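A.B. asks: Just one file: start.pdb, with PDB, C-alpha atoms.
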ATOM      1  CA  MET A   1     172.911  78.486  40.656
ATOM      2  CA  ALA A   2     172.777  81.230  38.078
ATOM      3  CA  SER A   3     170.471  83.397  40.262
ATOM      4  CA  ALA A   4     172.672  82.887  43.280
ATOM      5  CA  ASP A   5     175.605  84.006  41.257
ATOM      6  CA  VAL A   6     173.716  87.129  40.245
ATOM      7  CA  ILE A   7     172.799  87.918  43.870
ATOM      8  CA  ASP A   8     176.415  87.468  44.987
ATOM      9  CA  ALA A   9     177.544  89.695  42.166
ATOM     10  CA  ASP A  10     174.979  92.383  43.104
ATOM     11  CA  LEU A  11     176.051  92.316  46.728
ATOM     12  CA  SER A  12     179.652  92.617  45.786
ATOM     13  CA  MET A  13     178.856  95.581  43.544
ATOM     14  CA  ASP A  14     176.977  97.294  46.388
ATOM     15  CA  GLN A  15     179.891  96.735  48.706
ATOM     16  CA  MET A  16     182.241  98.138  46.132
ATOM     17  CA  GLU A  17     180.071 101.231  45.582
ATOM     18  CA  GLY A  18     179.899 101.948  49.314
ATOM     19  CA  ALA A  19     183.572 101.345  49.972
ATOM     20  CA  LYS A  20     185.955 104.212  50.540
ATOM     21  CA  PRO A  21     188.185 104.978  47.594
ATOM     22  CA  VAL A  22     191.740 103.697  47.845
ATOM     23  CA  PRO A  23     194.152 106.650  48.132
ATOM     24  CA  GLU A  24     196.636 107.072  45.355
ATOM     25  CA  PHE A  25     200.334 107.425  46.113
ATOM     26  CA  ASP A  26     202.820 109.202  43.955
ATOM     27  CA  ILE A  27     205.716 106.724  43.841
ATOM     28  CA  PRO A  28     208.807 108.394  42.390
ATOM     29  CA  SER A  29     210.795 106.450  39.843
ATOM     30  CA  VAL A  30     214.441 105.703  40.662
ATOM     31  CA  THR A  31     216.977 105.030  37.958
ATOM     32  CA  LYS A  32     219.703 102.423  38.281
ATOM     33  CA  GLU A  33     222.298 105.183  38.372
ATOM     34  CA  GLU A  34     220.528 106.877  41.304
ATOM     35  CA  MET A  35     220.309 103.576  43.170
ATOM     36  CA  LYS A  36     224.027 103.004  42.635
ATOM     37  CA  VAL A  37     224.893 106.462  43.978
ATOM     38  CA  ALA A  38     222.675 105.943  47.024
ATOM     39  CA  ASP A  39     224.227 102.560  47.698
ATOM     40  CA  ASN A  40     227.783 103.904  47.454
ATOM     41  CA  SER A  41     227.067 106.868  49.709
ATOM     42  CA  ALA A  42     226.377 104.726  52.779
ATOM     43  CA  PRO A  43     228.083 104.045  55.028
ATOM     44  CA  ASN A  44     230.165 107.227  54.956
ATOM     45  CA  LEU A  45     233.948 107.378  55.115
ATOM     46  CA  THR A  46     234.029 107.824  58.880
ATOM     47  CA  ARG A  47     232.048 104.648  59.463
ATOM     48  CA  ARG A  48     234.046 102.726  56.863
ATOM     49  CA  ALA A  49     237.324 103.825  58.435
ATOM     50  CA  ALA A  50     236.030 102.883  61.888
ATOM     51  CA  ALA A  51     235.183  99.434  60.542
ATOM     52  CA  GLU A  52     238.763  98.993  59.301
ATOM     53  CA  PHE A  53     240.148 100.218  62.619
ATOM     54  CA  PHE A  54     238.179  97.774  64.755
ATOM     55  CA  ALA A  55     238.599  94.931  62.255
ATOM     56  CA  MET A  56     242.372  95.288  62.369
ATOM     57  CA  ALA A  57     242.328  95.453  66.160
ATOM     58  CA  MET A  58     240.378  92.202  66.361
ATOM     59  CA  PHE A  59     242.500  90.558  63.653
ATOM     60  CA  VAL A  60     245.698  91.265  65.590
ATOM     61  CA  TRP A  61     244.077  90.180  68.838
ATOM     62  CA  VAL A  62     242.959  86.863  67.352
ATOM     63  CA  GLY A  63     246.093  86.104  65.355
ATOM     64  CA  THR A  64     248.888  87.236  67.645
ATOM     65  CA  GLY A  65     246.856  86.254  70.677
ATOM     66  CA  THR A  66     246.785  82.701  69.352
ATOM     67  CA  ALA A  67     250.540  82.875  68.751
ATOM     68  CA  VAL A  68     251.069  83.771  72.410
ATOM     69  CA  SER A  69     248.632  81.172  73.742
ATOM     70  CA  ALA A  70     249.982  78.384  71.503
ATOM     71  CA  ASN A  71     253.534  79.053  72.648
ATOM     72  CA  HIS A  72     252.444  79.260  76.271
ATOM     73  CA  ALA A  73     250.592  75.962  76.002
ATOM     74  CA  GLN A  74     253.773  74.399  74.612
ATOM     75  CA  TYR A  75     255.900  75.698  77.488
ATOM     76  CA  ASN A  76     256.952  72.812  79.723
ATOM     77  CA  GLY A  77     259.581  74.404  81.905
ATOM     78  CA  GLU A  78     262.482  74.074  79.486
ATOM     79  CA  SER A  79     264.848  76.948  78.882
ATOM     80  CA  GLU A  80     263.034  77.719  75.637
ATOM     81  CA  VAL A  81     259.817  76.739  73.874
ATOM     82  CA  ALA A  82     260.450  74.182  71.141
ATOM     83  CA  PHE A  83     258.791  75.005  67.835
ATOM     84  CA  SER A  84     256.533  72.267  66.466
ATOM     85  CA  SER A  85     253.465  71.639  64.326
ATOM     86  CA  THR A  86     251.340  71.951  67.459
ATOM     87  CA  ILE A  87     252.258  75.640  67.386
ATOM     88  CA  LEU A  88     252.309  76.175  63.622
ATOM     89  CA  LEU A  89     248.853  74.919  62.695
ATOM     90  CA  PRO A  90     246.750  76.766  65.317
ATOM     91  CA  ILE A  91     248.461  80.066  64.533
ATOM     92  CA  ALA A  92     247.975  79.682  60.774
ATOM     93  CA  MET A  93     244.325  78.730  61.272
ATOM     94  CA  ALA A  94     243.708  81.674  63.607
ATOM     95  CA  PHE A  95     245.023  84.208  61.107
ATOM     96  CA  GLY A  96     243.202  82.530  58.215
ATOM     97  CA  PHE A  97     239.822  82.111  59.850
ATOM     98  CA  GLY A  98     240.183  85.487  61.548
ATOM     99  CA  ILE A  99     240.393  87.280  58.216
ATOM    100  CA  THR A 100     237.545  85.134  56.872
ATOM    101  CA  VAL A 101     235.232  86.237  59.671
ATOM    102  CA  LEU A 102     236.243  89.897  59.636
ATOM    103  CA  ALA A 103     236.413  90.400  55.862
ATOM    104  CA  GLY A 104     233.136  88.545  55.414
ATOM    105  CA  ASN A 105     231.320  90.581  58.049
ATOM    106  CA  LEU A 106     232.721  93.963  57.028
ATOM    107  CA  GLY A 107     232.640  93.506  53.281
ATOM    108  CA  ALA A 108     229.379  95.458  53.060
ATOM    109  CA  TYR A 109     230.779  98.322  55.141
ATOM    110  CA  SER A 110     234.405  99.018  54.229
ATOM    111  CA  GLY A 111     235.168  96.219  51.798
ATOM    112  CA  GLY A 112     236.974  94.317  54.554
ATOM    113  CA  HIS A 113     240.534  95.178  53.504
ATOM    114  CA  VAL A 114     242.124  94.652  56.963
ATOM    115  CA  ASN A 115     245.583  95.042  55.413
ATOM    116  CA  PRO A 116     247.409  98.164  54.156
ATOM    117  CA  ALA A 117     249.025  96.126  51.364
ATOM    118  CA  VAL A 118     245.590  95.077  50.109
ATOM    119  CA  THR A 119     244.337  98.650  50.317
ATOM    120  CA  LEU A 120     247.300  99.959  48.300
ATOM    121  CA  ALA A 121     246.717  97.349  45.598
ATOM    122  CA  LEU A 122     243.038  98.311  45.413
ATOM    123  CA  MET A 123     244.025 101.968  45.097
ATOM    124  CA  ILE A 124     246.351 101.111  42.210
ATOM    125  CA  THR A 125     243.566  99.254  40.373
ATOM    126  CA  GLN A 126     241.151 102.123  41.099
ATOM    127  CA  ALA A 127     238.918  99.792  43.095
ATOM    128  CA  CYS A 128     239.403 102.076  46.113
ATOM    129  CA  PRO A 129     239.480 105.894  45.997
ATOM    130  CA  VAL A 130     242.824 107.384  46.992
ATOM    131  CA  LEU A 131     241.433 109.415  49.899
ATOM    132  CA  ASP A 132     239.556 106.421  51.269
ATOM    133  CA  GLY A 133     242.649 104.274  50.924
ATOM    134  CA  LEU A 134     244.907 106.678  52.806
ATOM    135  CA  VAL A 135     242.389 106.960  55.643
ATOM    136  CA  TYR A 136     241.979 103.188  55.703
ATOM    137  CA  ILE A 137     245.738 102.626  55.967
ATOM    138  CA  ALA A 138     246.088 105.088  58.856
ATOM    139  CA  CYS A 139     243.225 103.414  60.702
ATOM    140  CA  GLN A 140     244.644  99.951  60.040
ATOM    141  CA  PHE A 141     247.995 100.839  61.599
ATOM    142  CA  ALA A 142     246.274 102.442  64.588
ATOM    143  CA  GLY A 143     243.942  99.464  64.979
ATOM    144  CA  ALA A 144     246.901  97.065  64.981
ATOM    145  CA  VAL A 145     248.443  98.946  67.906
ATOM    146  CA  LEU A 146     245.172  98.670  69.812
ATOM    147  CA  GLY A 147     244.897  94.964  68.999
ATOM    148  CA  SER A 148     248.395  94.274  70.301
ATOM    149  CA  ALA A 149     247.665  96.318  73.413
ATOM    150  CA  MET A 150     244.603  94.130  73.997
ATOM    151  CA  VAL A 151     246.743  91.001  73.729
ATOM    152  CA  TRP A 152     249.218  92.430  76.236
ATOM    153  CA  GLY A 153     246.399  93.337  78.594
ATOM    154  CA  CYS A 154     245.037  89.796  78.421
ATOM    155  CA  VAL A 155     248.339  87.978  79.091
ATOM    156  CA  SER A 156     250.460  90.539  80.967
ATOM    157  CA  GLN A 157     250.947  88.301  84.024
ATOM    158  CA  ALA A 158     251.861  85.172  82.055
ATOM    159  CA  SER A 159     255.530  86.189  82.136
ATOM    160  CA  PHE A 160     255.709  85.968  85.928
ATOM    161  CA  VAL A 161     253.594  82.957  86.868
ATOM    162  CA  PRO A 162     255.445  79.615  86.763
ATOM    163  CA  ALA A 163     253.657  76.526  85.526
ATOM    164  CA  ALA A 164     252.197  74.496  88.376
ATOM    165  CA  GLY A 165     254.474  71.789  89.739
ATOM    166  CA  LEU A 166     257.637  72.997  87.969
ATOM    167  CA  ASP A 167     260.884  73.405  89.877
ATOM    168  CA  MET A 168     261.781  76.871  88.647
ATOM    169  CA  GLU A 169     265.023  76.895  90.648
ATOM    170  CA  SER A 170     266.425  74.069  88.528
ATOM    171  CA  ILE A 171     265.168  75.668  85.323
ATOM    172  CA  GLN A 172     266.233  79.226  86.043
ATOM    173  CA  PRO A 173     268.746  79.398  88.922
ATOM    174  CA  GLY A 174     268.107  82.218  91.328
ATOM    175  CA  TYR A 175     264.485  82.453  90.275
ATOM    176  CA  GLN A 176     262.221  84.239  92.710
ATOM    177  CA  GLU A 177     258.489  84.818  92.650
ATOM    178  CA  GLY A 178     257.787  87.809  90.434
ATOM    179  CA  ASP A 179     260.824  87.394  88.206
ATOM    180  CA  VAL A 180     260.336  87.137  84.452
ATOM    181  CA  ILE A 181     260.531  83.576  83.137
ATOM    182  CA  GLU A 182     263.239  83.801  80.468
ATOM    183  CA  ALA A 183     261.614  81.292  78.114
ATOM    184  CA  ILE A 184     258.416  83.350  78.081
ATOM    185  CA  GLY A 185     259.903  86.823  78.219
ATOM    186  CA  TYR A 186     258.195  90.152  78.773
ATOM    187  CA  PRO A 187     255.842  90.869  77.153
ATOM    188  CA  PRO A 188     254.952  87.163  76.860
ATOM    189  CA  PHE A 189     256.463  85.685  73.697
ATOM    190  CA  GLY A 190     256.941  89.155  72.253
ATOM    191  CA  LEU A 191     253.162  89.471  71.764
ATOM    192  CA  GLY A 192     253.534  87.448  68.573
ATOM    193  CA  ALA A 193     255.819  89.997  66.917
ATOM    194  CA  ASP A 194     257.239  89.100  63.514
ATOM    195  CA  HIS A 195     260.934  88.263  63.451
ATOM    196  CA  VAL A 196     263.307  87.202  60.690
ATOM    197  CA  ASN A 197     265.096  84.199  62.171
ATOM    198  CA  ASP A 198     268.842  84.491  62.516
ATOM    199  CA  TRP A 199     269.476  81.618  60.100
ATOM    200  CA  VAL A 200     267.260  83.158  57.377
ATOM    201  CA  HIS A 201     268.940  85.299  54.733
ATOM    202  CA  ILE A 202     267.283  88.676  54.312
ATOM    203  CA  GLY A 203     266.834  88.006  50.588
ATOM    204  CA  ASN A 204     264.920  84.830  51.404
ATOM    205  CA  ALA A 205     262.835  86.715  53.948
ATOM    206  CA  PHE A 206     261.954  89.386  51.383
ATOM    207  CA  LEU A 207     260.921  86.818  48.787
ATOM    208  CA  LEU A 208     258.843  84.860  51.292
ATOM    209  CA  GLU A 209     256.965  87.960  52.438
ATOM    210  CA  PHE A 210     256.583  89.205  48.863
ATOM    211  CA  LEU A 211     255.106  85.945  47.580
ATOM    212  CA  GLY A 212     252.871  85.441  50.609
ATOM    213  CA  THR A 213     251.444  88.937  50.182
ATOM    214  CA  ALA A 214     251.090  88.457  46.423
ATOM    215  CA  LEU A 215     249.068  85.284  46.988
ATOM    216  CA  LEU A 216     246.727  87.162  49.297
ATOM    217  CA  ILE A 217     246.313  90.217  47.043
ATOM    218  CA  GLY A 218     245.816  88.109  43.938
ATOM    219  CA  THR A 219     243.118  86.138  45.729
ATOM    220  CA  VAL A 220     241.386  89.349  46.795
ATOM    221  CA  MET A 221     241.444  90.660  43.232
ATOM    222  CA  MET A 222     240.092  87.471  41.689
ATOM    223  CA  SER A 223     237.507  86.529  44.309
ATOM    224  CA  ALA A 224     236.202  89.892  45.529
ATOM    225  CA  VAL A 225     237.053  92.610  42.985
ATOM    226  CA  ASP A 226     236.447  90.732  39.735
ATOM    227  CA  LYS A 227     232.674  91.019  39.336
ATOM    228  CA  ARG A 228     232.505  87.884  37.246
ATOM    229  CA  THR A 229     233.424  85.925  40.356
ATOM    230  CA  TYR A 230     231.866  88.171  42.955
ATOM    231  CA  THR A 231     228.376  87.984  41.466
ATOM    232  CA  THR A 232     228.380  84.222  41.888
ATOM    233  CA  SER A 233     230.164  83.964  45.230
ATOM    234  CA  GLY A 234     229.071  87.069  47.159
ATOM    235  CA  MET A 235     230.074  86.750  50.818
ATOM    236  CA  LEU A 236     231.802  83.483  49.987
ATOM    237  CA  ALA A 237     234.696  85.551  48.619
ATOM    238  CA  ALA A 238     235.959  85.801  52.197
ATOM    239  CA  TRP A 239     236.693  82.060  52.243
ATOM    240  CA  PRO A 240     239.393  81.889  49.547
ATOM    241  CA  ILE A 241     240.889  85.062  51.020
ATOM    242  CA  GLY A 242     241.079  83.460  54.449
ATOM    243  CA  PHE A 243     242.565  80.269  53.058
ATOM    244  CA  SER A 244     245.247  82.252  51.205
ATOM    245  CA  VAL A 245     246.234  83.869  54.506
ATOM    246  CA  MET A 246     246.356  80.495  56.235
ATOM    247  CA  LEU A 247     248.461  78.933  53.487
ATOM    248  CA  SER A 248     250.943  81.794  53.573
ATOM    249  CA  HIS A 249     251.300  81.407  57.335
ATOM    250  CA  LEU A 250     251.951  77.679  57.023
ATOM    251  CA  VAL A 251     254.875  78.458  54.723
ATOM    252  CA  LEU A 252     256.276  81.606  56.346
ATOM    253  CA  ILE A 253     255.908  81.187  60.121
ATOM    254  CA  PRO A 254     259.103  79.132  60.647
ATOM    255  CA  PHE A 255     261.137  81.700  58.698
ATOM    256  CA  THR A 256     259.723  85.167  59.472
ATOM    257  CA  GLY A 257     256.697  84.621  61.669
ATOM    258  CA  CYS A 258     254.661  85.640  58.599
ATOM    259  CA  GLY A 259     253.833  89.299  58.255
ATOM    260  CA  ILE A 260     252.232  89.800  54.793
ATOM    261  CA  ASN A 261     250.473  92.705  56.492
ATOM    262  CA  PRO A 262     252.474  95.813  57.478
ATOM    263  CA  ALA A 263     249.942  96.844  60.124
ATOM    264  CA  ARG A 264     249.995  93.401  61.745
ATOM    265  CA  SER A 265     253.810  93.666  61.998
ATOM    266  CA  PHE A 266     253.640  97.255  63.250
ATOM    267  CA  GLY A 267     251.290  96.801  66.221
ATOM    268  CA  PRO A 268     253.281  94.225  68.217
ATOM    269  CA  ALA A 269     256.544  96.038  67.404
ATOM    270  CA  VAL A 270     255.168  99.248  68.938
ATOM    271  CA  MET A 271     253.980  97.437  72.072
ATOM    272  CA  ASN A 272     257.348  95.753  72.471
ATOM    273  CA  SER A 273     259.050  99.149  72.199
ATOM    274  CA  ILE A 274     256.817 100.430  74.990
ATOM    275  CA  ALA A 275     257.926  97.423  77.062
ATOM    276  CA  GLY A 276     261.568  98.268  76.365
ATOM    277  CA  ASN A 277     262.187  95.575  73.732
ATOM    278  CA  ASN A 278     263.522  96.400  70.274
ATOM    279  CA  VAL A 279     262.080  93.894  67.801
ATOM    280  CA  TRP A 280     262.215  96.125  64.724
ATOM    281  CA  GLN A 281     265.421  94.444  63.414
ATOM    282  CA  GLY A 282     266.574  97.607  61.664
ATOM    283  CA  PHE A 283     266.752  97.463  57.876
ATOM    284  CA  ASP A 284     266.050  93.717  57.787
ATOM    285  CA  GLY A 285     262.706  94.230  59.480
ATOM    286  CA  LEU A 286     261.868  97.188  57.257
ATOM    287  CA  PHE A 287     262.834  95.255  54.133
ATOM    288  CA  ALA A 288     260.901  92.091  55.004
ATOM    289  CA  PHE A 289     257.771  93.355  56.728
ATOM    290  CA  TYR A 290     257.094  96.678  55.018
ATOM    291  CA  ILE A 291     258.928  97.028  51.712
ATOM    292  CA  ALA A 292     258.168  93.446  50.609
ATOM    293  CA  PRO A 293     254.371  93.569  51.164
ATOM    294  CA  PHE A 294     253.987  97.004  49.579
ATOM    295  CA  SER A 295     256.152  95.873  46.658
ATOM    296  CA  ALA A 296     253.722  92.994  46.160
ATOM    297  CA  SER A 297     250.890  95.541  46.169
ATOM    298  CA  ILE A 298     252.523  97.495  43.361
ATOM    299  CA  VAL A 299     253.398  94.442  41.260
ATOM    300  CA  VAL A 300     250.092  92.597  41.619
ATOM    301  CA  GLY A 301     248.088  95.813  41.310
ATOM    302  CA  GLY A 302     250.028  96.613  38.159
ATOM    303  CA  ILE A 303     249.599  93.255  36.416
ATOM    304  CA  MET A 304     245.928  92.693  37.232
ATOM    305  CA  PRO A 305     244.796  94.793  34.211
ATOM    306  CA  LEU A 306     246.560  92.201  32.028
ATOM    307  CA  PHE A 307     244.122  89.595  33.314
ATOM    308  CA  TRP A 308     241.148  91.915  33.057
ATOM    309  CA  GLY A 309     241.997  93.444  29.688
ATOM    310  CA  GLY A 310     241.568  96.924  31.141
ATOM    311  CA  LYS A 311     242.119  99.051  34.228
ATOM    312  CA  THR A 312     239.113  97.485  35.932
ATOM    313  CA  PRO A 313     237.623  93.994  35.673
ATOM    314  CA  PRO A 314     234.999  93.544  32.945
ATOM    315  CA  ALA A 315     231.348  93.425  33.874
ATOM    316  CA  PRO A 316     229.901  89.930  34.189
ATOM    317  CA  LYS A 317     227.937  88.560  31.268
ATOM    318  CA  MET A 318     224.298  88.035  32.168
ATOM    319  CA  ASP A 319     222.441  85.206  30.458
TER
END
Could you express the structure from this file as structure tokens?
C.D. replies:
Amino acid sequence: MASADVIDADLSMDQMEGAKPVPEFDIPSVTKEEMKVADNSAPNLTRRAAAEFFAMAMFVWVGTGTAVSANHAQYNGESEVAFSSTILLPIAMAFGFGITVLAGNLGAYSGGHVNPAVTLALMITQACPVLDGLVYIACQFAGAVLGSAMVWGCVSQASFVPAAGLDMESIQPGYQEGDVIEAIGYPPFGLGADHVNDWVHIGNAFLLEFLGTALLIGTVMMSAVDKRTYTTSGMLAAWPIGFSVMLSHLVLIPFTGCGINPARSFGPAVMNSIAGNNVWQGFDGLFAFYIAPFSASIVVGGIMPLFWGGKTPPAPKMD
């Protein structure tokens, strides 16, 4: 056995001596700082802004599209669509799960803001550069218009087609084929536009929109920006964010339709204006759907350092 071992060893030495030398590669060393810079430089601002644009378009399409379809499914030929939990829950879930999917998928690209109020709060806490934030906000508003246009394109004929088997003459006297069904309207159900109900005081509407937006922004700060949480949850941060959106919708929809996102309110309002409908509601609409969310951005963005003990969240402690 010993001699065999020696022979095997000799053969292996001969093979090694006749083998071609392994080329040497000069592998440059990369510092952690250089890796961080490289990671932050891609994708560039154009691609990040494009991600926010298309994310907002899809968010509005999913959320307001569900609002239109849920109301249309509830329509039974009456003079108006009765509001019920069969409408409330699907809409809230669509907005909540919609932001979960989009923020989760785009977190690695743009951060998955999908909301100008969120972007402003991140700018205030220095988690988003000012230039990036301004570009994001512009793209979010533009994307919301596209998203609402997509909804309109998908359901444009729903206003004119009566439900099968309904006697439209008894429901809407003088009705003729091609007329707009009053209960549905044109565009259908206002394309899911936000609206402060007539019986809701504007002060109540402001507080509802403020608190709903604050819940969302606070969740974003704690689950996605605070590295102590982010390092343990990663992509899972999109889930509490989505649930905060859903919870806000469950509370706000009967009162204001639930904006908590100025771009989401803006898109359907623009499309309704193109259709000849004024759903802006003057100062009340401005106060509830734009001033309230951005006020929440300023307040929550301003108090977050109190939780963090500094302008930015502390680095996580590594065991």
A.B. asks: Could you expand the PyMOL selection byres ((chain A and resi 158) around 10) into the explicit residues it covers here, written as an NGL selection string?
C.D. replies: :A and (68-69 or 72 or 152 or 154-157 or 159-163 or 180-181 or 184-189)
A.B. asks: Take the PyMOL selection byres ((chain A and resi 197-204) around 10), apply it to the structure above, and return the hits as a ChimeraX atom specification.
C.D. replies: /A:194-196,205-210,253-257,283-285,287-288
A.B. asks: With segment 49-58 of chain A as the partner and 12 Å as the cut-off, tabulate the residues of segment 67-184 of chain A that qualify, each row holding the nearest pair of atoms and their distance in Å to one decimal, using only C-alpha atoms, sorted by chain and rising number, as CSV.
C.D. replies:
residue,atom,partner,partner_atom,distance
A:Ala94,CA,A:Met58,CA,11.4
A:Phe95,CA,A:Met58,CA,10.6
A:Gly98,CA,A:Met58,CA,8.3
A:Ile99,CA,A:Ala55,CA,8.8
A:Thr100,CA,A:Ala55,CA,11.2
A:Val101,CA,A:Ala55,CA,9.7
A:Leu102,CA,A:Ala55,CA,6.1
A:Ala103,CA,A:Ala55,CA,8.1
A:Gly104,CA,A:Ala55,CA,10.8
A:Asn105,CA,A:Ala55,CA,9.5
A:Leu106,CA,A:Ala51,CA,7.0
A:Gly107,CA,A:Ala51,CA,9.7
A:Ala108,CA,A:Ala51,CA,10.3
A:Tyr109,CA,A:Ala51,CA,7.1
A:Ser110,CA,A:Ala51,CA,6.4
A:Gly111,CA,A:Glu52,CA,8.8
A:Gly112,CA,A:Glu52,CA,6.9
A:His113,CA,A:Glu52,CA,7.2
A:Val114,CA,A:Met56,CA,5.4
A:Asn115,CA,A:Met56,CA,7.7
A:Pro116,CA,A:Met56,CA,10.1
A:Thr119,CA,A:Glu52,CA,10.6
A:Leu131,CA,A:Ala49,CA,11.0
A:Asp132,CA,A:Ala49,CA,7.9
A:Gly133,CA,A:Ala49,CA,9.2
A:Leu134,CA,A:Ala49,CA,9.9
A:Val135,CA,A:Ala49,CA,6.6
A:Tyr136,CA,A:Ala49,CA,5.4
A:Ile137,CA,A:Glu52,CA,8.5
A:Ala138,CA,A:Phe53,CA,8.6
A:Cys139,CA,A:Phe53,CA,4.8
A:Gln140,CA,A:Phe53,CA,5.2
A:Phe141,CA,A:Phe53,CA,7.9
A:Ala142,CA,A:Phe53,CA,6.8
A:Gly143,CA,A:Ala57,CA,4.5
A:Ala144,CA,A:Ala57,CA,5.0
A:Val145,CA,A:Ala57,CA,7.3
A:Leu146,CA,A:Ala57,CA,5.6
A:Gly147,CA,A:Ala57,CA,3.9
A:Ser148,CA,A:Ala57,CA,7.4
A:Ala149,CA,A:Ala57,CA,9.0
A:Met150,CA,A:Ala57,CA,8.3
A:Val151,CA,A:Met58,CA,9.8
A.B. asks: Name the residues in contact with segment 89-93 of chain A at a cut-off of 10 Å, using all atoms listed in the file, excluding same-chain residues fewer than 4 positions from it; report them as a VMD selection string.
C.D. replies: chain A and resid 62 to 71 84 to 85 97 to 99 192 242 to 243 245 to 253 257 to 258
A.B. asks: Report as a list of chain:residue names the full result of the PyMOL selection byres ((chain A and resi 213) around 8) when it is applied to this structure.
C.D. replies: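 So the PyMOL selection byres ((chain A and resi 213) around 8) ends up selecting A:Ala117, A:Glu209, A:Phe210, A:Leu211, A:Gly212, A:Ala214, A:Leu215, A:Leu216, A:Ile217, A:Ser248, A:Ile260, A:Asn261, A:Pro293, A:Ala296, A:Ser297.
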A.B. asks: In Å, with one decimal, what is the gap from atom CA of Pro262 of chain A to atom CA of Tyr290 of chain A?
C.D. replies: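 The value is 5.3 Å.
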A.B. asks: Edge lengths and centre in Å to one decimal, as AutoDock Vina command-line options, of the axis-aligned box that encloses all listed atoms of segment 238-247 of chain A with 3 Å added on every side?
C.D. replies:
--center_x 242.2 --center_y 82.4 --center_z 52.9 --size_x 18.5 --size_y 12.9 --size_z 12.7
